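Enquirer: Quick one: the structure is below, questions incoming.
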Amino acid sequence: MAAELVEAMNMVKSFRVSDLQTLLASMGRSKSGLKQDLVGRALRLVQTEYSPELLKNVRQLYESRFPKATGWLPARRPEVVPVTQSTRSTSPSTNAQGTDYLNGLPKPSPTPASEIKLVSLPFYQTLETLVPPTELLAQNSEKLQDSPCVFELTQSQVDQIRNSSELRPGIKSVQVVLRICYTDTVGVQEDQYPPNIAVKVNQSYCHVPGYYPSNKPGVEPRRPCRPVNITPWLHLSTALNRITVTWGNFGKRYCVAVYLVRVFTAADLFSKLKLCSVESADRCRERIQDKLRFDPESEIATTGLRVSLICPLVKMRLNVPCRVLTCAHLQCFDAVFFLQMNEKKPTWTCPVCDKPAPFELLTIDGLLSEILKETEDVEEIEYLTDGSWRPIRDEKEKERERERSHTPEYPLLHICSPEANGHSPAPTSASQPAKSAAGTVAAPTGTGAGAVVDLTLDSSSEEEEADGPTGDSEDTDDSQDNPAPKRGRYAYDKDLVTAY
């Protein structure tokens with residue numbers, strides 16, 4: 001028991017990050033963190049929860065990394081490669097069949113015991129396997145290694161490539177691609193390039209995707225590991241094609257494979273998505289009602305869920321609302337932009353919650369598609385408990401509508417042009433407006449008169465003015481002895497000031 005525990009701990013210490021993550025995930029533990037954190041977590045797991053199942057997983061991972069014997073790899077090597085083990089002679093008939101060699105090794109058996117599986121890619125449909133996944137083996141102790149591989153195309157495969165449509169000028173939709181991944185039989189492997197990779201096809205170097213520049217300080221540029229299109233450098237005939245993969249031997253093990261594939265565009269995947277994965281509006285309403293259903297054990301009752309109609313990817317209004325079936329949120333992103341971005345830089349990550357968003361789990365929201373057709377100037381809605389929805393107006397827009405509804409309509413002031421002497425014609429009694437207590441005069445209704453404002457008179461002077469014209473005609477003689485009171489502080493008449 002103690003010996004097995006020590007053995008298991010020693011195995012764990014030799015694991016790579018991917019091995020540690022696989023072990024922790026299989027036992028229901030967190031697989032995030034740096035390598036030293038993963039090692040410590042795995043060692044504690046072995047010490048505290050030692051079991052036959054755990055020991056089996058540890059041994060399986062260890063044997064996949066350090067196999068005792070490469071039984072699934074044939075022991076046969078070509079004569080041009082130095083032989084370090086016993087070899088078996090090959091008959092001419094076998095060579096005439098176009099046996100594929102990699103690192104001086106023919107391709108493995110059709111169903112090897114430890115078969116490496118590469119992840120399926122949405123933009124690539126595998127038509128045929130030309131060279132199955134085979135490990136790159138170092139021939140010496142040098143850091144840079146060259147691994148050769150030869151294969152030939154059949155006439156039907158050549159015809160498929162030549163008769164396929166063009167994605168863009170010079171690029172066919174049916175291609176021969178090279179894929180490289182880690183040599184790991186546990187789980188499905190993603191494409192992973194070795195350091196210092198270079199691919200030579202028929203004595204010509206082909207293009208390998210470069211590094212993405214990083215905008216964040218301190219973050220190293222990342223290289224997109226995707227299939228390498230080697231079709232332009234192949235002999236499109238039944239002649240042999242030779243591939244040489246140059247790679248850095250720094251302790252990690254890699255395998256390589258060659259496939260005949262059909263390449264799809266973002267428009268092709270979008271057509272497939274619209275055809276096969278659209279969630280009906282009724283099903284979307286049921287999902288909303290399930291999320292908003294009252295939970296008696298919860299202290300907080302949710303009465304609505306707000307959803308933005310702006311795509312989080314491009315900050316524009318949604319056109320085709322899409323989301324992932326496994327995500328808990330109802331917020332959608334635009335399907336067209338999402339597929340186009342993954343065609344250029346494949347990440348397949350949900351832009352809302354950063355969880356994996358594989359193409360197989362994408363679906364178009366039928367209810368939100370109907371809402372987008374009914375609303376044009378709304379940027380946010382709220383789902384209600386009965387599955388209905390209501391628009392959410394912006395606060396500034398609400399304020400503008402409130403101001404428009406409560407703003408009084410003021411009369412229009414007509415400003416007249418002055419006469420030659422600088423004064424407006426005196427208004428008639430019909431057009432003279434009534435004065436307010438503050439001494440201001442409203443705009444006249446006539447079209448020819450200007451707006452006249454009394455700036456000097458107060459309430460008392462108005463009363464005196466009102467009494468003046470109503471006196472008897474007999475008081476005209478006394479007017480010379482008792483002159484009328486001044487109406488202002490100036491020598492000239494300043495009763496009426498014309499507003500221009």
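Residues in the structure tokens are named by chain (A, B, ... in the order shown) and by number from 1 within that chain; ligands are numbered from 1 in the order shown.
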Please provide as an MDAnalysis selection string all residues within 7 Å of segment 347-352 of chain A, with the sequence filter that same-chain residues fewer than 5 positions apart are discarded (counting only C-alpha atoms).

Expert: chainID A and resid 312:313 342 357:358

Enquirer: If we count only C-alpha atoms, what is near segment 11-24 of chain A at a cut-off of 7 Å, once residues fewer than 3 positions away on the same chain are taken out, given as a JSON list (two decimals) with N, CA and C atoms, in the first residue's frame?

Expert:
```json
[["chain", "number", "residue", "atom", "x", "y", "z"],
["A", 7, "GLU", "N", 4.78, 5.30, -5.37],
["A", 7, "GLU", "CA", 4.90, 5.19, -6.82],
["A", 7, "GLU", "C", 3.95, 6.15, -7.53],
["A", 8, "ALA", "N", 2.71, 6.23, -7.04],
["A", 8, "ALA", "CA", 1.73, 7.13, -7.64],
["A", 8, "ALA", "C", 2.16, 8.59, -7.51],
["A", 27, "MET", "N", -11.33, 13.46, -11.38],
["A", 27, "MET", "CA", -11.70, 13.26, -9.98],
["A", 27, "MET", "C", -12.55, 14.40, -9.44],
["A", 28, "GLY", "N", -13.05, 15.28, -10.33],
["A", 28, "GLY", "CA", -13.94, 16.34, -9.91],
["A", 28, "GLY", "C", -13.27, 17.49, -9.19],
["A", 29, "ARG", "N", -12.01, 17.73, -9.48],
["A", 29, "ARG", "CA", -11.28, 18.84, -8.85],
["A", 29, "ARG", "C", -11.05, 19.95, -9.87],
["A", 30, "SER", "N", -10.76, 21.13, -9.37],
["A", 30, "SER", "CA", -10.49, 22.27, -10.23],
["A", 30, "SER", "C", -9.17, 22.07, -10.97],
["A", 31, "LYS", "N", -9.15, 22.41, -12.26],
["A", 31, "LYS", "CA", -7.94, 22.23, -13.07],
["A", 31, "LYS", "C", -7.33, 23.55, -13.50],
["A", 35, "LYS", "N", 1.36, 25.44, -12.85],
["A", 35, "LYS", "CA", 1.74, 24.04, -12.78],
["A", 35, "LYS", "C", 2.03, 23.61, -11.35],
["A", 38, "LEU", "N", -1.14, 22.95, -9.62],
["A", 38, "LEU", "CA", -1.77, 21.70, -10.06],
["A", 38, "LEU", "C", -1.05, 20.49, -9.47],
["A", 39, "VAL", "N", 0.30, 20.55, -9.40],
["A", 39, "VAL", "CA", 1.05, 19.44, -8.83],
["A", 39, "VAL", "C", 0.71, 19.26, -7.35],
["A", 42, "ALA", "N", -2.74, 17.78, -7.02],
["A", 42, "ALA", "CA", -2.79, 16.37, -7.38],
["A", 42, "ALA", "C", -2.13, 15.50, -6.31],
["A", 43, "LEU", "N", -1.03, 15.98, -5.72],
["A", 43, "LEU", "CA", -0.38, 15.19, -4.66],
["A", 43, "LEU", "C", -1.27, 15.07, -3.44],
["A", 57, "ASN", "N", -6.13, 5.71, -12.93],
["A", 57, "ASN", "CA", -6.03, 6.92, -13.76],
["A", 57, "ASN", "C", -4.60, 7.44, -13.81],
["A", 61, "LEU", "N", -2.31, 7.66, -17.26],
["A", 61, "LEU", "CA", -1.70, 8.89, -17.73],
["A", 61, "LEU", "C", -0.18, 8.75, -17.85],
["A", 62, "TYR", "N", 0.41, 8.06, -16.87],
["A", 62, "TYR", "CA", 1.87, 7.91, -16.88],
["A", 62, "TYR", "C", 2.31, 7.04, -18.06]]
```

Enquirer: From the set A:Ser147, A:Thr154, A:Thr302, A:Ser214, which residue has the shortest atom-to-atom contact distance to Leu240 of chain A, counting only C-alpha atoms?

Expert: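 Counting only C-alpha atoms, the residue closest to Leu240 of chain A is A:Thr154.
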
Enquirer: Counting only C-alpha atoms, which of A:His329, A:Lys200, A:Arg226, A:Lys274 gets nearest to Thr363 of chain A?

Expert: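 Result for the nearest residue to Thr363 of chain A: A:Lys274.
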
Enquirer: Considering only C-alpha atoms, return as a list of chain:residue names whatever protein or nucleic-acid residues lie within 8 Å of segment 227-237 of chain A, sequence-local ones (same chain, fewer than 3 positions apart) excluded.

Expert: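 Close residues of segment 227-237 of chain A: A:Leu153, A:Thr154, A:Gln155, A:Val158, A:Gln175, A:Val176, A:Val177, A:Leu178, A:Arg179, A:Ile180, A:Asp191, A:Val201, A:Asn202, A:Ser204, A:Cys206, A:His207, A:Val208, A:Pro209, A:Leu240, A:Asn241.
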
Enquirer: If you keep N, CA and C atoms, can you produce a file of those selected residues as a compact mmCIF listing (two decimals), in the first residue's frame?

Expert:
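Contents of selection-v8.txt, freshly written:
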```txt
# COMPACT_ATOMS: atom_id res chain seq x y z
N LEU A 153 -1.35 10.50 -53.79
CA LEU A 153 -2.78 10.69 -53.97
C LEU A 153 -3.30 9.74 -55.04
N THR A 154 -4.51 9.29 -54.87
CA THR A 154 -5.17 8.49 -55.91
C THR A 154 -5.75 9.43 -56.96
N GLN A 155 -6.14 8.86 -58.08
CA GLN A 155 -6.68 9.69 -59.16
C GLN A 155 -8.00 10.32 -58.75
N VAL A 158 -7.22 13.32 -56.63
CA VAL A 158 -6.75 14.42 -57.47
C VAL A 158 -7.92 15.10 -58.17
N GLN A 175 -8.92 20.45 -49.90
CA GLN A 175 -7.50 20.66 -49.67
C GLN A 175 -6.89 19.44 -48.98
N VAL A 176 -5.57 19.39 -49.06
CA VAL A 176 -4.79 18.44 -48.27
C VAL A 176 -4.13 19.25 -47.16
N VAL A 177 -4.40 18.87 -45.91
CA VAL A 177 -3.91 19.66 -44.78
C VAL A 177 -3.06 18.77 -43.87
N LEU A 178 -2.15 19.44 -43.18
CA LEU A 178 -1.27 18.79 -42.21
C LEU A 178 -1.68 19.26 -40.82
N ARG A 179 -1.88 18.32 -39.90
CA ARG A 179 -2.27 18.65 -38.53
C ARG A 179 -1.25 18.05 -37.56
N ILE A 180 -0.91 18.81 -36.52
CA ILE A 180 0.06 18.39 -35.51
C ILE A 180 -0.57 18.60 -34.14
N ASP A 191 -5.08 21.00 -32.03
CA ASP A 191 -3.87 21.27 -32.81
C ASP A 191 -2.87 22.05 -31.96
N VAL A 201 7.43 20.93 -48.39
CA VAL A 201 6.66 20.02 -49.23
C VAL A 201 7.32 19.98 -50.61
N ASN A 202 7.82 18.82 -50.99
CA ASN A 202 8.49 18.67 -52.29
C ASN A 202 9.57 19.73 -52.50
N SER A 204 9.95 22.58 -51.18
CA SER A 204 9.53 23.99 -51.07
C SER A 204 8.87 24.20 -49.72
N CYS A 206 6.34 25.65 -47.16
CA CYS A 206 4.97 26.16 -47.24
C CYS A 206 4.69 27.09 -46.06
N HIS A 207 3.62 27.83 -46.19
CA HIS A 207 3.29 28.84 -45.19
C HIS A 207 2.69 28.18 -43.94
N VAL A 208 3.22 28.59 -42.79
CA VAL A 208 2.69 28.16 -41.50
C VAL A 208 2.17 29.41 -40.79
N PRO A 209 0.96 29.38 -40.22
CA PRO A 209 0.43 30.58 -39.55
C PRO A 209 1.39 31.14 -38.52
N LEU A 240 4.67 10.50 -55.98
CA LEU A 240 4.90 10.60 -54.55
C LEU A 240 5.09 12.05 -54.13
N ASN A 241 4.55 12.39 -52.99
CA ASN A 241 4.73 13.70 -52.38
C ASN A 241 5.55 13.53 -51.11
```

Enquirer: Near Ala281 of chain A, within 10 Å and counting only C-alpha atoms, which residues show up once chain neighbours fewer than 3 positions away are dropped, as a ChimeraX atom specification?

Expert: /A:278,284-287,365-370,387

Enquirer: Between A:Val256, A:Leu130, A:Leu330, A:Leu144, which residue has the minimum interatomic distance to Gln289 of chain A, considering only C-alpha atoms?

Expert: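 Once distances to Gln289 of chain A are computed over only C-alpha atoms, the minimum belongs to A:Leu330.
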
Enquirer: Which is closest to Arg293 of chain A among A:Leu305, A:Val378, A:Val336, A:Cys353, if we use only C-alpha atoms?

Expert: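 Distance minimum relative to Arg293 of chain A lands on A:Leu305.
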
Enquirer: With DSSP run on the backbone, what are the strand (DSSP E or B) residues within segment 257-377 of chain A? I'd like them as a list of chain:residue names.

Expert: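 Reading the DSSP output for segment 257-377 of chain A, strand (DSSP E or B) covers A:Ala257, A:Val258, A:Tyr259, A:Leu260, A:Val261, A:Arg262, A:Val263, A:Val278, A:Glu279, A:Gly304, A:Leu305, A:Arg306, A:Val307, A:Ser308, A:Ile310, A:Arg317, A:Pro321, A:Cys322, A:Arg323, A:Val324, A:Phe333, A:Asp334, A:Thr349, A:Pro356, A:Leu362, A:Thr363, A:Ile364, A:Asp365.
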
Enquirer: For Arg223 of chain A, which residue out of A:Ile364, A:Phe123, A:Tyr193, A:Glu374 is the nearest one, using only C-alpha atoms?

Expert: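 Distance minimum relative to Arg223 of chain A lands on A:Tyr193.
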
Enquirer: Considering only C-alpha atoms, return as a list in words whatever protein or nucleic-acid residues lie within 8 Å of Asn319 of chain A, sequence-local ones (same chain, fewer than 2 positions apart) excluded.

Expert: Arg317, Pro321, Asp334, Ser369 and Leu372 of chain A
